[in-house]
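Take a look at the structure set out below.
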Amino acid sequence: MAVCAALALAQSLLLPIPPADEKPVRRPPGAVALVDNRLGTGAAIVGLAVLQAALFAAWSCISKHHDLCRSVQAQLSVFVAMATIVYFAAFASNRQRIDFVGLFPWPLPLLAAAQALAGMATMYSAFFTIENGNVPMWGRSATANSNLLTTTTLVATTMLLLHASVQRRAMYVRTDNVATSEISSQEHQDERTPLARCTDVVPSQLPDTPEYSESLLSRLLFLWPSGLLKRGARRQLDAQDLYHLGPSDDPLHNWKRYMRHRKPGRPVITTVALTFAPELSLQALLAIGTTFIHYAGPFFLQRILRTIEQRGEGESMRHAYLDAFGLLVFALVETTMFGQSLWIGRHIGIRVKGLLVTELSAKTLQRRGGGEWEDPDKDEEAKDKGDDDEDSDMQASSNGRIMNLMTADLNRVADVAAYVDDLYAMPLSLLIGV
């Protein structure tokens with residue numbers, strides 16, 4: 001009875017209905033395959049959580065002295081293992097799991113991250129300081145406590161990586177078959193273009209973009225477009241190989257956001273900034289973090305050189321190896337944060353461009369048939385002069401200005417919106433460097 005109640009509670013806490021701003025999981029027409037790694041990855045996480053609880057229990061049994069921190073970690077690992085089993089059982093037993101968003105609630109990955117960080121901090125103080133540099137950390141020469149500390153930290157780190165590898169949602173992807181639209185003419189077959197010419201594909205028939213359905217690790221490392229890139233490397237891409245835009249990039253969705261901040265007399269740039277304030281704030285945080293992490297390389301290099309210069313006889317170089325590993329980790333973190341900042345800027349740029357195109361189109365539709373913008377003074381002046389040639393020239397000039405605004409000018413504005421984080425990242429970098 002208790003197990004059934006726990007399963008019902010866990011199943012009710014899951015999110016079976018997508019949020020309002022997302023489209024439900026749909027199957028596009030054509031040859032598609034369902035991709036969902038939550039069952040396999042979830043089973044691996046359950047096994048590691050049980051192993052983690054067993055290791056902490058064994059550690060508590062062989063320990064001669066009572067350690068409050070270790071006792072808390074043991075109880076926490078038992079709680080995490082039980083919660084992981086309950087939630088995974090509730091997910092696996094539900095036939096409608098394709099509609100669920102996520103697998104485990106957000107506290108479980110946070111607890112796994114806390115366990116991994118606590119284990120790393122304990123390992124640093126036990127093995128990587130100058131005083132403990134020669135203490136064995138693994139193997140027959142190490143103590144049981146050292147072996148258990150290293151094992152539990154590795155298990156917690158692996159479990160954290162698996163949590164980051166769980167897909168957010170199930171998704172349908174195109175199978176790697178030959179494109180359905182064939183290019184009939186010989187000149188089209190000889191044409192080397194990245195995308196084949198195809199005009200009979202409706203956007204709603206395309207599969208949803210995997211960006212918002214993939215795991216956190218896939219989004220951070222940009223692994224989600226790998227299938228499209230592999231197909232493009234083997235053959236010419238067809239229009240059916242592309243993805244449908246996500247709900248947050250949909251022009252109608254962004255126009256509704258824009259209209260909530262649009263007020264008479266408010267400048268367009270202020271309205272756009274208020275509309276995309278969350279994206280701009282996240283981009284600013286990533287840019288500032290990247291600027292600070294950029295100087296982690298010289299810091300670790302200085303520590304490595306100082307260790308080599310001041311090394312004495314018989315001293316271990318383990319902390320120098322740790323500094324080298326930290327140099328690699330912070331370089332990867334900097335690259336990841338910089339790539340995410342650029343990607344968010346690209347999202348902002350395409351959304352701003354869609355808004356400005358809509359705004360300019362609305363202005364254009366308000367024009368009169370003569371080709372002028374609605375201006376009573378110019379209308380009276382044109383009537384007084386009665387110059388038809390001048391009206392034709394003004395109409396052609398106005399159409400040319402509109403075309404320039406729709407193409408080159410809007411692209412420049414979108415590029416500025418994509419790189420707006422440089423306005424405060426560059427001065428901060430100069431200030432830190434000086």
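We name chains A, B, ... following the order of the structure tokens; residues begin at 1 in each chain, and ligands are numbered from 1 as shown.
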Query raised in the report: Leaving out Arg318 (chain A) and any residue of its chain fewer than 3 positions from it, which residues lie within 8 Å of it when counting only C-alpha atoms, given as a PyMOL selection string?
Result: chain A and resi 128+133+321-322
Selection from above, N, CA, C and O atoms, as a PDB file, in the first residue's frame, can you write it?
ATOM      1  N   PHE A 128      45.260  16.377  -1.896  1.00  0.00           N
ATOM      2  CA  PHE A 128      45.890  17.304  -2.830  1.00  0.00           C
ATOM      3  C   PHE A 128      46.514  18.525  -2.166  1.00  0.00           C
ATOM      4  O   PHE A 128      46.909  19.456  -2.854  1.00  0.00           O
ATOM      5  N   GLY A 133      50.130  15.381   0.244  1.00  0.00           N
ATOM      6  CA  GLY A 133      50.403  15.096  -1.164  1.00  0.00           C
ATOM      7  C   GLY A 133      50.867  13.684  -1.435  1.00  0.00           C
ATOM      8  O   GLY A 133      50.728  13.191  -2.563  1.00  0.00           O
ATOM      9  N   TYR A 321      49.503  18.690 -10.646  1.00  0.00           N
ATOM     10  CA  TYR A 321      48.641  18.017 -11.621  1.00  0.00           C
ATOM     11  C   TYR A 321      47.192  18.472 -11.476  1.00  0.00           C
ATOM     12  O   TYR A 321      46.463  18.595 -12.474  1.00  0.00           O
ATOM     13  N   LEU A 322      46.774  18.723 -10.244  1.00  0.00           N
ATOM     14  CA  LEU A 322      45.423  19.231 -10.034  1.00  0.00           C
ATOM     15  C   LEU A 322      45.261  20.621 -10.645  1.00  0.00           C
ATOM     16  O   LEU A 322      44.216  20.935 -11.231  1.00  0.00           O
TER      17      LEU A 322
END
Query raised in the report: Can you list, as a PyMOL selection string, every protein, DNA or RNA residue that comes within 12 Å of Phe79 (chain A) when you count only C-alpha atoms, leaving out same-chain residues fewer than 4 positions away?
Result: chain A and resi 49-50+52-54+72-75+83-86+107-108+111-112
Please save all heavy atoms of the selected residues as a compact mmCIF listing (two decimals), in the first residue's frame.
# COMPACT_ATOMS: atom_id res chain seq x y z
N ALA A 49 22.54 5.45 -7.81
CA ALA A 49 22.04 5.97 -6.53
C ALA A 49 22.02 4.88 -5.46
O ALA A 49 22.38 5.12 -4.30
CB ALA A 49 20.64 6.55 -6.73
N VAL A 50 21.62 3.66 -5.85
CA VAL A 50 21.63 2.55 -4.90
C VAL A 50 23.05 2.20 -4.50
O VAL A 50 23.35 1.93 -3.32
CB VAL A 50 20.90 1.34 -5.51
CG1 VAL A 50 21.04 0.11 -4.61
CG2 VAL A 50 19.43 1.66 -5.74
N GLN A 52 25.58 4.24 -4.46
CA GLN A 52 26.06 5.32 -3.60
C GLN A 52 25.57 5.14 -2.17
O GLN A 52 26.35 5.29 -1.21
CB GLN A 52 25.54 6.67 -4.15
CG GLN A 52 25.97 7.89 -3.35
CD GLN A 52 27.31 8.42 -3.81
OE1 GLN A 52 28.12 7.67 -4.34
NE2 GLN A 52 27.53 9.69 -3.60
N ALA A 53 24.31 4.78 -1.99
CA ALA A 53 23.79 4.54 -0.65
C ALA A 53 24.48 3.36 0.01
O ALA A 53 24.80 3.40 1.22
CB ALA A 53 22.28 4.31 -0.71
N ALA A 54 24.75 2.29 -0.75
CA ALA A 54 25.44 1.12 -0.18
C ALA A 54 26.87 1.46 0.23
O ALA A 54 27.36 1.01 1.28
CB ALA A 54 25.43 -0.02 -1.19
N VAL A 72 25.41 12.46 7.81
CA VAL A 72 24.43 13.23 7.03
C VAL A 72 24.48 12.83 5.56
O VAL A 72 23.44 12.67 4.91
CB VAL A 72 24.68 14.74 7.21
CG1 VAL A 72 23.81 15.54 6.24
CG2 VAL A 72 24.38 15.16 8.64
N GLN A 73 25.68 12.64 5.03
CA GLN A 73 25.80 12.22 3.64
C GLN A 73 25.20 10.83 3.42
O GLN A 73 24.59 10.57 2.37
CB GLN A 73 27.27 12.23 3.22
CG GLN A 73 27.84 13.62 3.01
CD GLN A 73 29.28 13.57 2.51
OE1 GLN A 73 29.95 12.56 2.65
NE2 GLN A 73 29.73 14.67 1.94
N ALA A 74 25.38 9.94 4.38
CA ALA A 74 24.81 8.59 4.25
C ALA A 74 23.28 8.65 4.24
O ALA A 74 22.62 8.00 3.41
CB ALA A 74 25.31 7.71 5.39
N GLN A 75 22.71 9.42 5.17
CA GLN A 75 21.25 9.54 5.19
C GLN A 75 20.73 10.23 3.93
O GLN A 75 19.69 9.84 3.38
CB GLN A 75 20.83 10.32 6.42
CG GLN A 75 21.14 9.62 7.74
CD GLN A 75 20.77 10.44 8.94
OE1 GLN A 75 20.15 11.49 8.81
NE2 GLN A 75 21.15 9.97 10.13
N ALA A 83 14.06 8.20 -3.44
CA ALA A 83 13.30 9.10 -4.30
C ALA A 83 13.54 8.80 -5.78
O ALA A 83 12.62 8.85 -6.60
CB ALA A 83 13.69 10.55 -3.99
N THR A 84 14.77 8.44 -6.13
CA THR A 84 15.08 8.11 -7.52
C THR A 84 14.33 6.86 -7.96
O THR A 84 13.78 6.81 -9.07
CB THR A 84 16.60 7.91 -7.68
OG1 THR A 84 17.29 9.07 -7.24
CG2 THR A 84 16.96 7.65 -9.13
N ILE A 85 14.29 5.86 -7.11
CA ILE A 85 13.56 4.63 -7.45
C ILE A 85 12.07 4.91 -7.63
O ILE A 85 11.44 4.44 -8.59
CB ILE A 85 13.79 3.57 -6.35
CG1 ILE A 85 15.26 3.11 -6.36
CG2 ILE A 85 12.88 2.37 -6.56
CD1 ILE A 85 15.60 2.20 -5.21
N VAL A 86 11.49 5.69 -6.73
CA VAL A 86 10.06 5.96 -6.79
C VAL A 86 9.71 6.74 -8.06
O VAL A 86 8.76 6.40 -8.78
CB VAL A 86 9.61 6.72 -5.52
CG1 VAL A 86 8.18 7.23 -5.68
CG2 VAL A 86 9.71 5.81 -4.31
N PRO A 107 15.12 18.96 -7.56
CA PRO A 107 15.97 18.78 -6.36
C PRO A 107 16.92 17.59 -6.44
O PRO A 107 18.01 17.64 -5.86
CB PRO A 107 14.95 18.60 -5.23
CG PRO A 107 13.71 19.27 -5.71
CD PRO A 107 13.69 18.99 -7.18
N LEU A 108 16.56 16.54 -7.16
CA LEU A 108 17.43 15.36 -7.22
C LEU A 108 18.74 15.65 -7.95
O LEU A 108 19.82 15.28 -7.44
CB LEU A 108 16.68 14.19 -7.86
CG LEU A 108 15.57 13.56 -7.01
CD1 LEU A 108 14.94 12.39 -7.74
CD2 LEU A 108 16.09 13.12 -5.66
N LEU A 111 20.82 17.70 -5.54
CA LEU A 111 21.42 16.90 -4.48
C LEU A 111 22.60 16.08 -5.00
O LEU A 111 23.62 15.92 -4.30
CB LEU A 111 20.37 15.97 -3.87
CG LEU A 111 19.28 16.66 -3.03
CD1 LEU A 111 18.25 15.63 -2.57
CD2 LEU A 111 19.90 17.36 -1.83
N ALA A 112 22.49 15.57 -6.22
CA ALA A 112 23.62 14.84 -6.81
C ALA A 112 24.81 15.77 -7.01
O ALA A 112 25.97 15.38 -6.76
CB ALA A 112 23.19 14.21 -8.15
Query raised in the report: Separation of CA of Ala156 (chain A) and CA of Leu48 (chain A), in Å?
Result: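 Going from CA of Ala156 (chain A) over to CA of Leu48 (chain A), I get 7.9 Å.
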Requested in this report: Per DSSP on the backbone, filter region 137-347 of chain A down to the residues in alpha helix (DSSP H) and report them as a ChimeraX atom specification.
Outcome: /A:144-165,186-190,216-220,226-234,251-261,268-275,277-293,296-309,318-347
Please produce a file of the residues just selected, as a compact mmCIF listing (two decimals), in the first residue's frame, where the atoms kept are C-alpha atoms.
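After the write, again28.txt holds the following:
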# COMPACT_ATOMS: atom_id res chain seq x y z
CA ALA A 144 39.68 1.73 3.28
CA ASN A 145 38.52 5.28 3.98
CA SER A 146 40.58 6.61 1.07
CA ASN A 147 39.21 3.97 -1.32
CA LEU A 148 35.64 4.63 -0.24
CA LEU A 149 36.08 8.40 -0.50
CA THR A 150 37.45 8.13 -4.03
CA THR A 151 34.77 5.63 -5.09
CA THR A 152 31.85 7.63 -3.71
CA THR A 153 33.12 10.81 -5.37
CA LEU A 154 33.47 9.08 -8.73
CA VAL A 155 29.99 7.57 -8.42
CA ALA A 156 28.46 10.94 -7.49
CA THR A 157 30.23 12.67 -10.40
CA THR A 158 29.06 9.99 -12.85
CA MET A 159 25.51 10.26 -11.54
CA LEU A 160 25.62 14.04 -12.00
CA LEU A 161 26.77 13.62 -15.61
CA LEU A 162 23.95 11.16 -16.25
CA HIS A 163 21.44 13.63 -14.81
CA ALA A 164 22.78 16.21 -17.26
CA SER A 165 22.45 13.67 -20.12
CA GLN A 186 20.48 18.06 -64.87
CA GLU A 187 21.53 21.61 -64.08
CA HIS A 188 19.94 21.32 -60.66
CA GLN A 189 21.69 17.98 -60.07
CA ASP A 190 25.06 19.53 -60.90
CA LEU A 216 21.29 19.94 -20.67
CA LEU A 217 24.66 18.50 -21.64
CA SER A 218 23.65 18.31 -25.30
CA ARG A 219 22.53 21.93 -25.28
CA LEU A 220 25.68 23.12 -23.56
CA SER A 226 24.80 16.62 -34.92
CA GLY A 227 22.26 14.51 -36.81
CA LEU A 228 21.58 17.30 -39.28
CA LEU A 229 25.30 17.95 -39.75
CA LYS A 230 26.01 14.27 -40.39
CA ARG A 231 23.30 14.09 -43.03
CA GLY A 232 24.64 17.26 -44.63
CA ALA A 233 28.12 15.75 -44.77
CA ARG A 234 26.87 12.60 -46.56
CA PRO A 251 7.33 35.42 -34.55
CA LEU A 252 3.75 35.45 -33.26
CA HIS A 253 4.86 34.50 -29.75
CA ASN A 254 7.50 37.25 -29.69
CA TRP A 255 5.05 39.78 -31.15
CA LYS A 256 2.68 39.11 -28.26
CA ARG A 257 5.54 39.70 -25.84
CA TYR A 258 6.42 42.89 -27.67
CA MET A 259 2.86 44.19 -27.57
CA ARG A 260 2.72 43.79 -23.77
CA HIS A 261 5.51 46.37 -23.44
CA VAL A 268 11.15 51.13 -30.04
CA ILE A 269 14.60 50.34 -28.62
CA THR A 270 13.24 50.59 -25.06
CA THR A 271 10.30 48.35 -25.91
CA VAL A 272 12.60 45.77 -27.50
CA ALA A 273 14.93 45.86 -24.48
CA LEU A 274 12.02 45.30 -22.09
CA THR A 275 10.65 42.51 -24.28
CA ALA A 277 15.10 41.53 -20.82
CA PRO A 278 15.41 37.88 -19.61
CA GLU A 279 17.54 36.88 -22.62
CA LEU A 280 19.67 40.00 -22.37
CA SER A 281 20.20 39.47 -18.63
CA LEU A 282 21.28 35.86 -19.12
CA GLN A 283 23.60 36.91 -21.94
CA ALA A 284 25.09 39.60 -19.70
CA LEU A 285 25.71 37.12 -16.87
CA LEU A 286 27.39 34.67 -19.23
CA ALA A 287 29.53 37.42 -20.76
CA ILE A 288 30.65 38.70 -17.34
CA GLY A 289 31.37 35.16 -16.15
CA THR A 290 33.38 34.45 -19.30
CA THR A 291 35.40 37.62 -18.73
CA PHE A 292 36.37 36.58 -15.21
CA ILE A 293 37.05 32.92 -16.10
CA ALA A 296 41.87 31.55 -14.70
CA GLY A 297 44.50 30.34 -17.18
CA PRO A 298 47.27 32.71 -16.02
CA PHE A 299 46.31 31.98 -12.39
CA PHE A 300 46.77 28.21 -12.73
CA LEU A 301 49.92 28.62 -14.82
CA GLN A 302 51.42 30.80 -12.10
CA ARG A 303 50.60 28.16 -9.48
CA ILE A 304 52.17 25.39 -11.57
CA LEU A 305 55.38 27.38 -12.12
CA ARG A 306 55.58 28.28 -8.44
CA THR A 307 55.19 24.62 -7.47
CA ILE A 308 57.96 23.56 -9.84
CA GLU A 309 60.32 26.27 -8.58
CA ARG A 318 49.96 15.93 -7.15
CA HIS A 319 48.66 19.45 -6.47
CA ALA A 320 50.48 20.65 -9.60
CA TYR A 321 48.64 18.02 -11.62
CA LEU A 322 45.42 19.23 -10.03
CA ASP A 323 46.24 22.78 -11.17
CA ALA A 324 46.83 21.48 -14.69
CA PHE A 325 43.47 19.71 -14.57
CA GLY A 326 41.86 22.93 -13.29
CA LEU A 327 43.42 24.78 -16.22
CA LEU A 328 41.74 22.35 -18.62
CA VAL A 329 38.38 22.47 -16.82
CA PHE A 330 38.21 26.25 -16.68
CA ALA A 331 39.21 26.50 -20.35
CA LEU A 332 36.32 24.19 -21.23
CA VAL A 333 33.95 26.18 -19.01
CA GLU A 334 35.02 29.43 -20.63
CA THR A 335 34.51 28.03 -24.13
CA THR A 336 31.08 26.66 -23.18
CA MET A 337 29.92 29.91 -21.60
CA PHE A 338 31.20 31.95 -24.54
CA GLY A 339 29.41 29.68 -27.02
CA GLN A 340 26.17 29.91 -25.06
CA SER A 341 26.46 33.70 -24.93
CA LEU A 342 26.87 33.84 -28.70
CA TRP A 343 23.97 31.43 -29.22
CA ILE A 344 21.67 33.49 -27.02
CA GLY A 345 22.72 36.54 -29.02
CA ARG A 346 21.77 34.77 -32.24
CA HIS A 347 18.35 33.98 -30.76
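Using only C-alpha atoms, the nearest neighbour of Phe88 (chain A) within the list A:Leu431, A:Leu237, A:Ala362, A:Leu103 is A:Leu103.
Interatomic distance, CA of Gln167 (chain A) to CA of Ser77 (chain A): 23.4 Å.
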